[in-house]
Each structure stands twice: as C-alpha cells, then as structure tokens.
file final37.cif (mmCIF, C-alpha atoms)
data_structure
loop_
_atom_site.label_atom_id
_atom_site.label_comp_id
_atom_site.auth_asym_id
_atom_site.auth_seq_id
_atom_site.Cartn_x
_atom_site.Cartn_y
_atom_site.Cartn_z
CA MET N 1 2.55 2.60 -31.73
CA PRO N 2 3.53 4.30 -28.45
CA TRP N 3 6.96 5.92 -28.58
CA THR N 4 9.91 3.84 -27.34
CA ARG N 5 12.38 5.15 -24.76
CA ASP N 6 14.68 6.33 -27.55
CA GLN N 7 11.83 7.97 -29.45
CA LEU N 8 10.83 9.80 -26.26
CA ALA N 9 14.40 11.04 -25.87
CA GLN N 10 14.43 12.07 -29.55
CA ARG N 11 11.21 14.03 -29.12
CA ALA N 12 12.53 15.68 -25.96
CA ALA N 13 15.70 16.68 -27.86
CA LYS N 14 13.50 18.88 -30.08
CA GLU N 15 13.13 21.18 -27.06
CA LEU N 16 16.86 21.96 -27.12
CA ARG N 17 18.05 25.25 -28.60
CA ASP N 18 21.49 26.41 -29.67
CA GLY N 19 23.42 27.86 -26.73
CA TYR N 20 21.21 26.29 -24.05
CA TYR N 21 22.50 25.21 -20.64
CA VAL N 22 20.59 22.04 -19.82
CA ASN N 23 20.20 19.69 -16.87
CA LEU N 24 19.13 16.13 -17.71
CA GLY N 25 17.58 13.84 -15.11
CA ILE N 26 18.29 10.16 -14.62
CA GLY N 27 16.74 7.53 -16.95
CA ILE N 28 15.19 8.47 -20.30
CA PRO N 29 16.22 12.16 -19.91
CA THR N 30 19.88 11.05 -19.90
CA LEU N 31 19.34 9.55 -23.38
CA VAL N 32 18.45 13.02 -24.72
CA ALA N 33 22.21 13.72 -24.85
CA ASN N 34 22.42 11.16 -27.70
CA TYR N 35 20.06 13.23 -29.88
CA ILE N 36 21.53 16.73 -29.71
CA PRO N 37 21.17 17.92 -33.32
CA GLU N 38 24.33 18.24 -35.41
CA GLY N 39 25.68 21.79 -35.33
CA MET N 40 23.79 22.74 -32.17
CA GLU N 41 25.79 23.62 -29.09
CA VAL N 42 24.22 22.55 -25.81
CA THR N 43 26.08 22.61 -22.48
CA LEU N 44 25.04 19.93 -20.00
CA GLN N 45 25.05 20.77 -16.30
CA SER N 46 25.48 18.09 -13.67
CA GLU N 47 24.18 19.24 -10.30
CA ASN N 48 27.00 17.63 -8.34
CA GLY N 49 29.18 20.45 -9.66
CA MET N 50 30.03 20.52 -13.34
CA LEU N 51 29.19 22.38 -16.52
CA GLY N 52 30.11 20.88 -19.88
CA MET N 53 29.60 17.19 -19.24
CA GLY N 54 31.28 14.95 -21.82
CA PRO N 55 30.54 11.36 -22.86
CA PHE N 56 31.29 8.23 -20.82
CA PRO N 57 35.04 7.58 -20.57
CA TYR N 58 37.01 4.88 -22.34
CA GLU N 59 38.16 2.22 -19.89
CA ASP N 60 41.60 3.85 -19.52
CA GLU N 61 40.14 7.32 -18.89
CA ILE N 62 38.00 6.43 -15.86
CA ASP N 63 38.48 8.95 -13.05
CA ALA N 64 36.82 8.40 -9.65
CA ASP N 65 36.80 12.20 -9.15
CA LEU N 66 34.71 12.76 -12.27
CA ILE N 67 31.11 11.57 -12.04
CA ASN N 68 27.66 12.87 -12.94
CA ALA N 69 24.65 13.26 -10.67
CA GLY N 70 23.70 9.63 -11.36
CA LYS N 71 27.14 8.69 -9.93
CA GLN N 72 28.24 7.43 -13.35
CA THR N 73 31.81 7.98 -14.53
CA ILE N 74 31.96 10.65 -17.24
CA THR N 75 34.49 12.85 -19.03
CA ALA N 76 35.11 16.58 -19.32
CA LEU N 77 35.18 18.78 -22.44
CA LYS N 78 37.43 21.72 -23.31
CA LYS N 79 34.76 24.12 -22.05
CA SER N 80 34.08 22.28 -18.78
CA SER N 81 34.16 23.90 -15.37
CA TYR N 82 33.82 22.48 -11.86
CA PHE N 83 32.26 24.13 -8.81
CA SER N 84 30.79 23.38 -5.40
CA SER N 85 27.26 22.13 -4.71
CA SER N 86 26.18 25.55 -3.44
CA ASP N 87 27.46 27.22 -6.63
CA SER N 88 25.73 24.52 -8.65
CA PHE N 89 22.39 25.15 -7.03
CA ALA N 90 22.85 28.91 -7.16
CA MET N 91 23.00 28.36 -10.92
CA ILE N 92 19.89 26.20 -10.82
CA ARG N 93 17.80 28.18 -8.34
CA GLY N 94 18.91 31.50 -9.77
CA GLY N 95 17.33 30.78 -13.13
CA HIS N 96 20.59 30.46 -15.09
CA ILE N 97 19.82 27.02 -16.51
CA ASP N 98 17.59 27.15 -19.61
CA LEU N 99 16.03 23.72 -19.57
CA SER N 100 15.54 20.78 -17.24
CA ILE N 101 14.31 17.45 -18.58
CA LEU N 102 13.23 14.96 -15.95
CA GLY N 103 11.01 11.97 -15.25
CA ALA N 104 7.78 11.91 -13.24
CA MET N 105 5.36 9.64 -11.43
CA GLU N 106 2.44 12.10 -11.80
CA VAL N 107 1.79 15.49 -13.40
CA ASN N 108 -1.41 17.47 -13.11
CA GLU N 109 -3.04 19.77 -15.65
CA ARG N 110 -1.69 22.90 -13.90
CA GLY N 111 1.90 21.71 -13.94
CA ASP N 112 2.22 20.23 -10.45
CA LEU N 113 4.80 17.46 -10.42
CA ALA N 114 5.26 14.41 -8.19
CA ASN N 115 8.40 12.35 -8.75
CA TRP N 116 10.13 11.58 -5.47
CA MET N 117 7.98 9.77 -2.96
CA VAL N 118 5.41 7.00 -2.68
CA PRO N 119 3.99 6.91 0.87
CA GLY N 120 4.47 3.52 2.50
CA LYS N 121 7.48 2.68 0.35
CA MET N 122 11.13 3.31 1.21
CA VAL N 123 11.79 6.85 0.10
CA LYS N 124 15.17 7.49 -1.46
CA GLY N 125 14.93 11.27 -1.34
CA MET N 126 14.31 14.14 -3.71
CA GLY N 127 17.96 14.82 -4.51
CA GLY N 128 18.08 17.98 -6.61
CA ALA N 129 14.66 17.61 -8.24
CA MET N 130 12.84 20.20 -6.09
CA ASP N 131 15.53 22.81 -6.73
CA LEU N 132 15.58 22.09 -10.46
CA VAL N 133 11.83 22.46 -10.97
CA ALA N 134 11.71 25.56 -8.78
CA GLY N 135 14.54 27.37 -10.51
CA VAL N 136 15.12 26.23 -14.09
CA LYS N 137 13.51 28.43 -16.76
CA ARG N 138 11.71 25.64 -18.63
CA VAL N 139 10.78 22.23 -17.22
CA VAL N 140 10.03 19.31 -19.54
CA VAL N 141 8.74 16.01 -18.17
CA VAL N 142 9.30 12.74 -20.03
CA MET N 143 7.25 9.81 -18.74
CA GLU N 144 5.06 6.83 -19.59
CA HIS N 145 1.49 7.97 -20.13
CA THR N 146 0.05 5.38 -17.74
CA SER N 147 1.34 3.42 -14.75
CA LYS N 148 1.92 -0.34 -14.92
CA ASP N 149 -1.71 -0.98 -13.91
CA GLY N 150 -2.96 1.28 -16.69
CA ALA N 151 -3.88 4.32 -14.57
CA SER N 152 -3.35 7.77 -16.08
CA LYS N 153 -0.27 9.63 -14.81
CA LEU N 154 -1.62 12.90 -16.20
CA LEU N 155 -4.16 13.92 -13.59
CA LYS N 156 -6.57 16.64 -12.51
CA GLN N 157 -4.89 16.49 -9.11
CA CYS N 158 -1.71 14.66 -8.10
CA THR N 159 -2.21 12.01 -5.42
CA LEU N 160 1.47 11.63 -4.45
CA PRO N 161 3.50 14.13 -2.40
CA LEU N 162 4.61 16.95 -4.69
CA THR N 163 8.04 17.90 -5.96
CA GLY N 164 6.82 21.31 -7.10
CA VAL N 165 3.63 23.32 -7.65
CA ASN N 166 2.92 24.86 -11.10
CA VAL N 167 6.36 24.02 -12.43
CA VAL N 168 5.96 21.87 -15.58
CA ASP N 169 5.85 23.49 -19.06
CA LEU N 170 5.70 20.44 -21.31
CA VAL N 171 4.86 16.75 -20.84
CA ILE N 172 6.12 14.20 -23.36
CA THR N 173 4.58 10.75 -22.88
CA ASP N 174 4.78 7.65 -25.03
CA LEU N 175 1.37 8.61 -26.46
CA GLY N 176 1.77 12.32 -27.14
CA VAL N 177 2.86 15.79 -26.09
CA PHE N 178 1.00 18.26 -23.84
CA GLU N 179 1.70 21.91 -23.26
CA ILE N 180 0.96 23.40 -19.84
CA ASP N 181 0.60 27.07 -19.00
CA LYS N 182 1.99 26.97 -15.47
CA HIS N 183 0.62 30.45 -14.79
CA GLY N 184 -2.86 28.96 -15.20
CA GLN N 185 -4.09 31.32 -17.94
CA GLN N 186 -4.65 28.55 -20.49
CA PRO N 187 -5.92 24.98 -20.18
CA MET N 188 -3.54 22.09 -20.87
CA LYS N 189 -3.19 21.52 -24.61
CA LEU N 190 -2.58 18.32 -26.58
CA ILE N 191 -0.12 19.44 -29.28
CA GLN N 192 1.20 16.18 -30.75
CA LEU N 193 0.32 12.49 -30.96
CA ALA N 194 2.73 9.56 -31.15
CA ASP N 195 2.59 7.62 -34.42
CA ASP N 196 -0.77 5.87 -34.97
CA ILE N 197 -2.20 7.03 -31.63
CA SER N 198 -5.71 8.49 -31.98
CA VAL N 199 -7.22 11.41 -30.09
CA ASP N 200 -9.84 8.98 -28.78
CA GLU N 201 -7.20 6.64 -27.38
CA ILE N 202 -5.17 9.37 -25.65
CA THR N 203 -8.37 10.94 -24.29
CA ALA N 204 -9.48 7.59 -22.86
CA LYS N 205 -6.11 7.16 -21.15
CA THR N 206 -5.89 10.69 -19.72
CA GLU N 207 -7.62 11.71 -16.50
CA ALA N 208 -6.58 15.35 -16.77
CA THR N 209 -8.70 17.73 -18.84
CA PHE N 210 -7.09 19.16 -21.96
CA ILE N 211 -8.04 20.81 -25.20
CA ASN N 212 -7.10 19.47 -28.61
CA ALA N 213 -4.57 21.86 -30.12
CA LEU N 214 -3.11 19.48 -32.72
CA LYS N 215 -1.73 21.27 -35.73
CA MET A 1 54.15 27.27 16.65
CA ALA A 2 50.62 26.34 15.81
CA ASN A 3 50.51 23.02 14.04
CA LYS A 4 47.55 21.75 12.02
CA VAL A 5 49.21 18.65 10.60
CA PHE A 6 48.36 15.32 12.24
CA PRO A 7 50.07 11.99 11.58
CA SER A 8 46.90 9.92 11.13
CA ALA A 9 43.14 10.26 10.75
CA SER A 10 42.64 8.84 14.26
CA ALA A 11 45.08 11.32 15.77
CA ALA A 12 43.34 14.11 13.87
CA LEU A 13 40.01 13.29 15.56
CA ASP A 14 41.47 12.97 19.04
CA GLY A 15 39.49 15.07 21.52
CA LEU A 16 36.96 16.27 18.94
CA THR A 17 34.31 13.57 19.24
CA PHE A 18 31.56 12.90 21.77
CA ASP A 19 28.27 10.99 21.98
CA GLY A 20 25.28 12.81 20.50
CA MET A 21 27.43 15.07 18.34
CA THR A 22 26.57 16.47 14.90
CA VAL A 23 28.99 15.72 12.08
CA MET A 24 29.03 17.11 8.54
CA SER A 25 30.65 14.76 6.06
CA GLY A 26 31.57 15.95 2.56
CA GLY A 27 31.12 14.07 -0.70
CA PHE A 28 28.55 13.23 -3.36
CA GLY A 29 27.84 9.52 -3.52
CA LEU A 30 31.29 8.05 -2.87
CA CYS A 31 33.01 10.86 -4.78
CA GLY A 32 35.07 13.17 -2.59
CA ILE A 33 34.18 11.51 0.71
CA PRO A 34 36.63 11.72 3.64
CA GLU A 35 37.08 7.97 3.62
CA ASN A 36 39.93 7.85 6.18
CA LEU A 37 38.18 10.14 8.67
CA ILE A 38 34.94 8.15 8.40
CA ILE A 39 36.84 5.01 9.38
CA ALA A 40 38.59 6.89 12.18
CA LEU A 41 35.24 8.24 13.40
CA ARG A 42 33.89 4.69 13.47
CA ASP A 43 36.90 3.57 15.48
CA THR A 44 36.30 6.24 18.14
CA GLY A 45 33.14 4.29 19.03
CA VAL A 46 31.18 7.52 19.42
CA ASN A 47 27.42 6.95 19.37
CA GLY A 48 24.18 8.79 18.64
CA ILE A 49 25.72 10.86 15.84
CA THR A 50 23.60 13.15 13.69
CA VAL A 51 25.24 13.08 10.27
CA ILE A 52 24.70 15.81 7.71
CA SER A 53 25.72 14.43 4.33
CA ASN A 54 24.16 14.50 0.88
CA ASN A 55 24.16 10.69 0.76
CA ALA A 56 24.61 7.84 3.22
CA GLY A 57 27.39 5.85 1.56
CA VAL A 58 26.87 2.29 0.39
CA ASP A 59 26.80 -0.99 2.30
CA GLY A 60 30.31 -1.52 3.62
CA TRP A 61 31.86 1.79 2.55
CA GLY A 62 31.74 5.47 3.38
CA LEU A 63 29.01 6.34 5.88
CA GLY A 64 27.70 2.80 5.39
CA LEU A 65 30.46 1.79 7.83
CA LEU A 66 28.94 3.97 10.57
CA LEU A 67 25.48 2.59 9.83
CA GLU A 68 26.71 -0.99 10.20
CA THR A 69 27.91 -0.19 13.72
CA LYS A 70 24.67 1.74 14.46
CA GLN A 71 26.62 4.84 15.50
CA ILE A 72 24.33 7.13 13.51
CA SER A 73 20.99 8.06 15.07
CA LYS A 74 19.91 10.67 12.52
CA MET A 75 20.76 11.60 8.95
CA ILE A 76 20.11 14.88 7.16
CA SER A 77 20.46 14.07 3.45
CA SER A 78 18.94 14.63 0.02
CA TYR A 79 19.22 11.12 -1.37
CA VAL A 80 19.94 7.79 0.33
CA GLY A 81 18.95 5.26 -2.34
CA GLU A 82 22.18 3.28 -2.49
CA ASN A 83 22.20 1.67 0.95
CA LYS A 84 20.24 -1.43 2.03
CA GLU A 85 21.31 -1.26 5.68
CA PHE A 86 20.10 2.32 5.75
CA ALA A 87 16.68 1.25 4.46
CA ARG A 88 16.50 -1.58 7.00
CA GLN A 89 17.33 0.64 9.97
CA TYR A 90 15.00 3.38 8.80
CA LEU A 91 12.05 1.05 8.26
CA ALA A 92 12.72 -0.58 11.66
CA GLY A 93 12.52 2.86 13.29
CA GLU A 94 16.15 2.72 14.45
CA LEU A 95 17.25 5.71 12.40
CA GLU A 96 15.78 9.17 12.08
CA LEU A 97 15.89 10.80 8.67
CA GLU A 98 15.41 14.36 7.49
CA PHE A 99 15.30 14.91 3.75
CA ASN A 100 16.42 18.26 2.40
CA PRO A 101 16.38 19.22 -1.27
CA GLN A 102 19.99 19.01 -2.43
CA GLY A 103 20.32 22.72 -3.17
CA THR A 104 18.69 23.63 0.13
CA LEU A 105 21.09 21.32 1.97
CA ALA A 106 24.08 22.91 0.23
CA GLU A 107 22.83 26.41 0.98
CA ARG A 108 22.03 25.55 4.60
CA CYS A 109 25.67 24.52 5.06
CA ARG A 110 26.92 27.62 3.23
CA ALA A 111 24.67 29.85 5.35
CA GLY A 112 25.65 28.15 8.60
CA GLY A 113 29.32 28.70 7.87
CA ALA A 114 28.72 32.31 6.84
CA GLY A 115 26.81 33.31 9.97
CA ILE A 116 23.46 33.49 8.21
CA ALA A 117 20.69 32.13 10.43
CA GLY A 118 18.09 31.66 7.70
CA PHE A 119 17.25 32.33 4.07
CA TYR A 120 14.19 32.23 1.82
CA THR A 121 14.16 29.85 -1.16
CA LYS A 122 11.64 28.92 -3.85
CA THR A 123 12.64 25.28 -3.56
CA GLY A 124 9.97 23.10 -1.98
CA VAL A 125 7.18 25.68 -1.72
CA GLY A 126 3.85 23.82 -1.61
CA THR A 127 5.50 20.47 -0.79
CA LEU A 128 6.08 18.41 2.37
CA VAL A 129 9.45 20.14 2.73
CA ALA A 130 7.76 23.48 3.48
CA GLU A 131 5.36 22.10 6.09
CA GLY A 132 5.60 23.97 9.38
CA LYS A 133 7.97 26.57 7.91
CA GLU A 134 7.32 30.24 7.27
CA VAL A 135 6.35 31.07 3.68
CA LYS A 136 6.74 34.66 2.54
CA GLU A 137 6.00 36.44 -0.70
CA PHE A 138 8.65 38.48 -2.51
CA ASN A 139 7.74 40.17 -5.82
CA GLY A 140 4.61 38.06 -6.08
CA GLU A 141 6.42 34.75 -5.66
CA LYS A 142 6.38 32.45 -2.64
CA TYR A 143 9.55 31.50 -0.77
CA VAL A 144 10.07 29.22 2.22
CA LEU A 145 12.32 30.02 5.18
CA GLU A 146 15.16 27.55 5.66
CA THR A 147 17.76 27.74 8.43
CA GLY A 148 21.54 27.63 8.33
CA LEU A 149 23.25 24.48 9.59
CA VAL A 150 26.31 24.18 11.78
CA ALA A 151 27.98 21.02 13.06
CA ASP A 152 30.20 20.16 16.01
CA LEU A 153 32.65 18.67 13.54
CA SER A 154 33.09 18.74 9.77
CA ILE A 155 35.15 16.12 7.99
CA VAL A 156 36.10 16.93 4.41
CA LYS A 157 38.28 15.57 1.65
CA ALA A 158 40.44 17.63 -0.71
CA TRP A 159 42.97 16.76 -3.39
CA LYS A 160 45.83 18.98 -2.28
CA GLY A 161 46.42 20.85 0.94
CA ASP A 162 49.27 22.68 2.59
CA LYS A 163 50.34 22.78 6.22
CA GLU A 164 48.35 25.97 6.72
CA GLY A 165 45.16 24.08 5.81
CA ASN A 166 44.63 25.74 2.43
CA LEU A 167 42.76 23.30 0.19
CA ILE A 168 42.34 22.59 -3.51
CA PHE A 169 39.66 20.15 -4.64
CA ARG A 170 39.71 18.11 -7.82
CA LYS A 171 36.94 17.86 -10.45
CA THR A 172 33.52 16.79 -9.14
CA ALA A 173 35.05 15.62 -5.86
CA ARG A 174 34.60 19.21 -4.65
CA ASN A 175 30.78 19.05 -4.22
CA PHE A 176 29.73 19.64 -0.57
CA ASN A 177 33.25 19.79 0.88
CA PRO A 178 33.89 23.57 0.68
CA MET A 179 30.63 24.60 2.40
CA MET A 180 30.88 21.90 5.03
CA ALA A 181 34.43 22.98 5.81
CA THR A 182 33.07 26.39 6.80
CA ALA A 183 30.14 25.12 8.88
CA GLY A 184 31.87 22.92 11.44
CA LYS A 185 32.87 24.32 14.83
CA LYS A 186 35.94 22.21 14.15
CA CYS A 187 36.95 21.00 10.71
CA VAL A 188 39.34 18.21 9.87
CA ALA A 189 40.49 17.79 6.27
CA GLU A 190 42.12 14.79 4.65
CA VAL A 191 44.12 15.26 1.48
CA GLU A 192 45.80 13.10 -1.14
CA ILE A 193 48.79 15.40 -1.40
CA LEU A 194 50.11 17.47 1.50
CA VAL A 195 52.64 20.14 0.57
CA GLU A 196 54.68 22.76 2.37
CA THR A 197 53.01 26.10 2.97
CA GLY A 198 53.79 28.35 0.02
CA GLU A 199 53.71 25.63 -2.60
CA LEU A 200 50.08 26.21 -3.58
CA ASP A 201 49.19 29.14 -5.82
CA PRO A 202 47.17 31.45 -3.54
CA ASP A 203 44.89 32.29 -6.47
CA ALA A 204 44.04 28.61 -6.95
CA ILE A 205 43.00 27.87 -3.37
CA HIS A 206 39.34 26.86 -3.05
CA THR A 207 39.12 26.74 0.75
CA PRO A 208 41.35 29.09 2.76
CA GLY A 209 43.11 27.54 5.74
CA ILE A 210 41.18 29.59 8.31
CA TYR A 211 38.36 27.02 8.08
CA ILE A 212 40.62 24.03 8.64
CA ASP A 213 41.69 23.15 12.19
CA ARG A 214 43.49 19.92 11.44
CA ILE A 215 44.81 18.32 8.28
CA VAL A 216 45.99 14.79 7.56
CA LYS A 217 47.38 13.04 4.52
CA GLY A 218 45.35 9.93 3.71
CA ALA A 219 45.60 6.84 1.53
CA PHE A 220 42.58 6.55 -0.73
CA GLU A 221 40.59 3.75 -2.34
CA LYS A 222 38.30 6.16 -4.21
CA ARG A 223 35.61 3.61 -4.96
CA ILE A 224 33.36 4.13 -7.98
CA GLU A 225 29.61 3.49 -7.73
CA GLN A 226 28.66 3.34 -11.41
CA ARG A 227 31.54 2.40 -13.65
CA THR A 228 30.16 3.45 -17.03
CA VAL A 229 32.37 3.33 -20.12
CA ARG A 230 32.22 3.57 -23.89
CA HIS A 231 34.19 1.39 -26.24
CA ARG A 232 36.64 2.41 -28.91
CA GLU A 233 35.68 1.51 -32.47
CA THR A 234 37.90 -1.34 -33.54
CA ALA A 235 39.50 -1.06 -36.94
#
call {"tool": "encode", "arguments": {"input": "final37.cif", "output": "structure tokens"}}
result
Amino acid sequence: MPWTRDQLAQRAAKELRDGYYVNLGIGIPTLVANYIPEGMEVTLQSENGMLGMGPFPYEDEIDADLINAGKQTITALKKSSYFSSSDSFAMIRGGHIDLSILGAMEVNERGDLANWMVPGKMVKGMGGAMDLVAGVKRVVVVMEHTSKDGASKLLKQCTLPLTGVNVVDLVITDLGVFEIDKHGQQPMKLIQLADDISVDEITAKTEATFINALK
Amino acid sequence: MANKVFPSASAALDGLTFDGMTVMSGGFGLCGIPENLIIALRDTGVNGITVISNNAGVDGWGLGLLLETKQISKMISSYVGENKEFARQYLAGELELEFNPQGTLAERCRAGGAGIAGFYTKTGVGTLVAEGKEVKEFNGEKYVLETGLVADLSIVKAWKGDKEGNLIFRKTARNFNPMMATAGKKCVAEVEILVETGELDPDAIHTPGIYIDRIVKGAFEKRIEQRTVRHRETA
C-alpha cells in the first residue's frame, strides 16, 4: 500500500533531530509537526518572521498579528521570537536552519527541484522556496511518486522551471525513500520502500536512475 | 517645529503621490498591511503605480482595492496566489508582474534603504530568476547579483509609534515593514497606538523615527485570511 499523507508526514518526521531548527512547507510538510517524537525538542521557523511556532489557537486566542507563512492563525511558545523578513531570510540563506521539508512537482536524480511554476498556467510565485532550498542545511522533499496521469515525478531531468539546482538531499514519496548526493559523487539511492511496495513496482514508476541500497 | 503627525491617512499622503510612481507596501498576506494608507492611496486616484509588496492582497481588501480600480500597472512580489482579479488582469496582459524570491525581495528592500546598490545571493542560481543577471563564484559556489530597491513612497503599518516616528511592530505583523520603511524616498507610517515622544522605551524601538516622514493613527479591521483553530477537549 502506498503511504498516506499522514504516513508520509510520519516518515518525514524521522529526519528530525533533537535541537533542530526546522522550516516546514505548506501541505503534507505542515503535518510533520504532529509527529515530532516525544522528548525531542524541535523549533519551527516560519519565514514570515517567527521562531518557535506553536499550535493553532483556541477560538478565543486568535490574533490577526500572529500567522504562519501559510497565512494560518497560530500561537507562540515561551521560547518564541519575532523578527523582520530580512532577518528571517538571513537565517535561512545564512545556513542557520537545519532542515527544510517541502513539497515538489518534480525532482531529478541530482537533486534539482521544481515546485513553483507550470508554464501556461497562472503562476502564484515562488514565495520563500528558492531561498529555503538555497540556504537550509538539509532539504527533504515529500511528494506523490507520480502525477495524476501516472507520470514519474522523479526524473533524469526536470521539465518544469527550477526552484533550485542540486539542492535536494532526500525524497520521500508514497512509494519509498531516495537519498541524493547533491554534490554528484554518488548516484541516487533507493533506501526504503513503503509497505508492500516491490522494487519492481517502484522501478517501473521511476524515470530517474537509481541504485538499490535497501538495507 | 517639525511635525510628523497627520490627522488622517488621506492628509498624510497629500503631495506625495503622482502617476507612474513606485510604492512599497508592507505586510505579509493581510498581516501588518497599511490598510488605511492603501485606501487613501486608492482615493488619490493616482494611476500607473508600480507596487513592491510581498503579496497582492485579496479581492476587495488590501492591495486588491488598487487592483479593482486598475491603478496598479506593475507588481514586484514573491507570491500572489490569493487574488482572482490579479490573475484576471495578469492573464489579460493588463498587469506586469515581476516575481522575486521572498528573501531576495526582503534583502533588495533592506539594501535599497541602506545605500547598497547590489548584492550576491545563492538564491535562484540556475533558475529563471537568475536569467540575464551576473553570476559570480565565491569560494567555489555560485551567486547571482541582485540590485537594491528604492521607492518614491513607502507605506508601512506598525503597532505603536510616537510623534517622532519611532515605531514598534507587533508579532508577525512586522514582516516587510521595517525594511520598506527605510527604502522609500518618503515613508508614511500608520499605527494602532500613537503616543507622546518619550513614552516608548528607546531600547524597544524597531524602526527609528529618522525613516518616517509622516505618521498617522489608523482604525484597523485586521482581516484574517486563514482562520485556523483547535478545539478544547470537552470534559
């Protein structure tokens, strides 16, 4: 069975480490916050200008001045701090954030990422995605393995305009997990399969070349 | 005596607007936007405005109001997904659009206000964003040259301000406001609370009054785009 959205978030949560500063993208990556292991301290950064993002507010705590990068109302924690957008991206670009988990439309076997633009369609913009993938120490992509029409999203070469070149370290899809050496020294490696997914099935559904490194 | 305090948003914009001008407008989504000054800018009837703002408001609020009246000819933004009228005008070729990565946009405003003409950043190297721009290698890594931005007018929103123009922002409503305040040839700030000079703790001031030419106390709706809540466990 391919992993569900929650299982994908659960798998992505295994990339968290105690003491990490983490930026979570919109969609499935946001769900990762629900699976931070007990006893582990992770500080969530929101690129609109906050460290230490708390849970959604109760109805009577809603504050229009306190939102996340998805424009959702949130709360603060004791350790929270607020800062400007330029300070926020200094943090991101300067390599101070340990981990970024975000979605993708396409990833190639050398870690190129496309997730902001489909030519011919109304483009909403890249927001902070280009800065995040360029600056954050480790970039993890969570996405469906194939598009709605069944085409592989893990490619030899991305076809869509890029968000970043050689930026992705790990790809978690609903069928399995791939490790990428973004410095190009090693080929892409299949390191884990979703439950009851075979190597044959994932190979058939993957355009990119990879080696089997299952443990 | 120099006076920075104006009685209304409209009065605060008097003499500062003209057709074809460039305006920086603070805020992230609808959070921390200068909602009174946007309405006042609309009411000036000024046309052909280039607006530098992270987002473009929503239909019927924020910068969406200036789109409805077709006063904006170009936007420089990082994300404009929340606005149908924006999409319509853009697809019809009525509106020019320049996308900047959010961090690059923030830094361009910071640089513009700080007298820095350009800077090299890793963001966007190898993408459409870097096309036509100089790429240079530092320590074996590629960086793209981006330029500082300045505007004819910046409109920003703060929580508290004093009559000197010193500003304090609140929570995530700070966002682009501090950098934009520095990068306007003129800057007008609107605040929720306007106090006498001397009432703010000088150590707590986020934006010193030197950047603020005019200040006005506003009334705020503070609309919320995504009202997300959790529910208390019931006993």
call {"tool": "resolve_selection", "arguments": {"input": "final37.cif", "expression": "the PyMOL selection byres ((chain N) within 6 of (chain A))", "output": "list in words"}}
result
Asn48, Gly49, Phe56, Pro57, Tyr58, Glu59, Ala64, Asp65, Leu66, Lys71, Gln72, Thr73, Tyr82, Ser84, Ser85, Ser86, Phe89, Lys124, Gly125, Met126, Gly127, Gly128, Met130, Asp131, Ala134 and Leu162 of chain N
call {"tool": "residues_near_point", "arguments": {"input": "final37.cif", "point": "(21.3, 25.2, -11.7)", "cutoff": "10 Å", "atoms": "all atoms listed in the file", "output": "ChimeraX atom specification"}}
result
/N:21-23,45-47,49,51,85-100,128,131-133,135-137 /A:103
call {"tool": "atom_distance", "arguments": {"input": "final37.cif", "atom1": "CA of Thr22 in chain A", "atom2": "CA of Val123 in chain N"}}
result
23.0 Å
call {"tool": "closest_residue", "arguments": {"input": "final37.cif", "among": "N:Val199, N:Ala194, N:Val165, N:Leu8", "to": "Glu141 in chain A", "atoms": "only C-alpha atoms"}}
result
N:Val165
call {"tool": "atom_distance", "arguments": {"input": "final37.cif", "atom1": "CA of Pro187 in chain N", "atom2": "CA of Thr209 in chain N"}}
result
7.9 Å
call {"tool": "residues_around", "arguments": {"input": "final37.cif", "residues": "Ala13 in chain N", "least_positions_apart": "5", "cutoff": "12 Å", "atoms": "only C-alpha atoms", "output": "MDAnalysis selection string"}}
result
chainID N and resid 6:8 18 20 22 24 28:38 40 42 99:101 140:142 172
call {"tool": "resolve_selection", "arguments": {"input": "final37.cif", "expression": "the PyMOL selection byres ((chain A and resi 143) around 6)", "output": "MDAnalysis selection string"}}
result
chainID A and resid 120:122 135:136 142 144
call {"tool": "atom_distance", "arguments": {"input": "final37.cif", "atom1": "CA of Pro2 in chain N", "atom2": "CA of His183 in chain N"}}
result
29.6 Å
call {"tool": "closest_residue", "arguments": {"input": "final37.cif", "among": "A:Asp14, A:Gly161, A:Ile38, A:Glu190", "to": "Ala219 in chain A", "atoms": "only C-alpha atoms"}}
result
A:Glu190
call {"tool": "residues_near_point", "arguments": {"input": "final37.cif", "point": "(32.5, 7.0, 13.7)", "cutoff": "9 Å", "atoms": "only C-alpha atoms", "output": "PyMOL selection string"}}
result
chain A and resi 17+37-47+49+63+65-66+69+71-72
call {"tool": "write_last_selection", "arguments": {"input": "final37.cif", "atoms": "C-alpha atoms", "output": "short mmCIF file (atom, residue, chain, number, x, y, z; two decimals), in the frame of the given file"}}
result
data_model
loop_
_atom_site.label_atom_id
_atom_site.label_comp_id
_atom_site.auth_asym_id
_atom_site.auth_seq_id
_atom_site.Cartn_x
_atom_site.Cartn_y
_atom_site.Cartn_z
CA THR A 17 34.31 13.57 19.24
CA LEU A 37 38.18 10.14 8.67
CA ILE A 38 34.94 8.15 8.40
CA ILE A 39 36.84 5.01 9.38
CA ALA A 40 38.59 6.89 12.18
CA LEU A 41 35.24 8.24 13.40
CA ARG A 42 33.89 4.69 13.47
CA ASP A 43 36.90 3.57 15.48
CA THR A 44 36.30 6.24 18.14
CA GLY A 45 33.14 4.29 19.03
CA VAL A 46 31.18 7.52 19.42
CA ASN A 47 27.42 6.95 19.37
CA ILE A 49 25.72 10.86 15.84
CA LEU A 63 29.01 6.34 5.88
CA LEU A 65 30.46 1.79 7.83
CA LEU A 66 28.94 3.97 10.57
CA THR A 69 27.91 -0.19 13.72
CA GLN A 71 26.62 4.84 15.50
CA ILE A 72 24.33 7.13 13.51
#
call {"tool": "residues_around", "arguments": {"input": "final37.cif", "residues": "Ile193 in chain A", "least_positions_apart": "3", "cutoff": "9 Å", "atoms": "all atoms listed in the file", "output": "number ranges by chain"}}
result
A: 158-162, 217-218
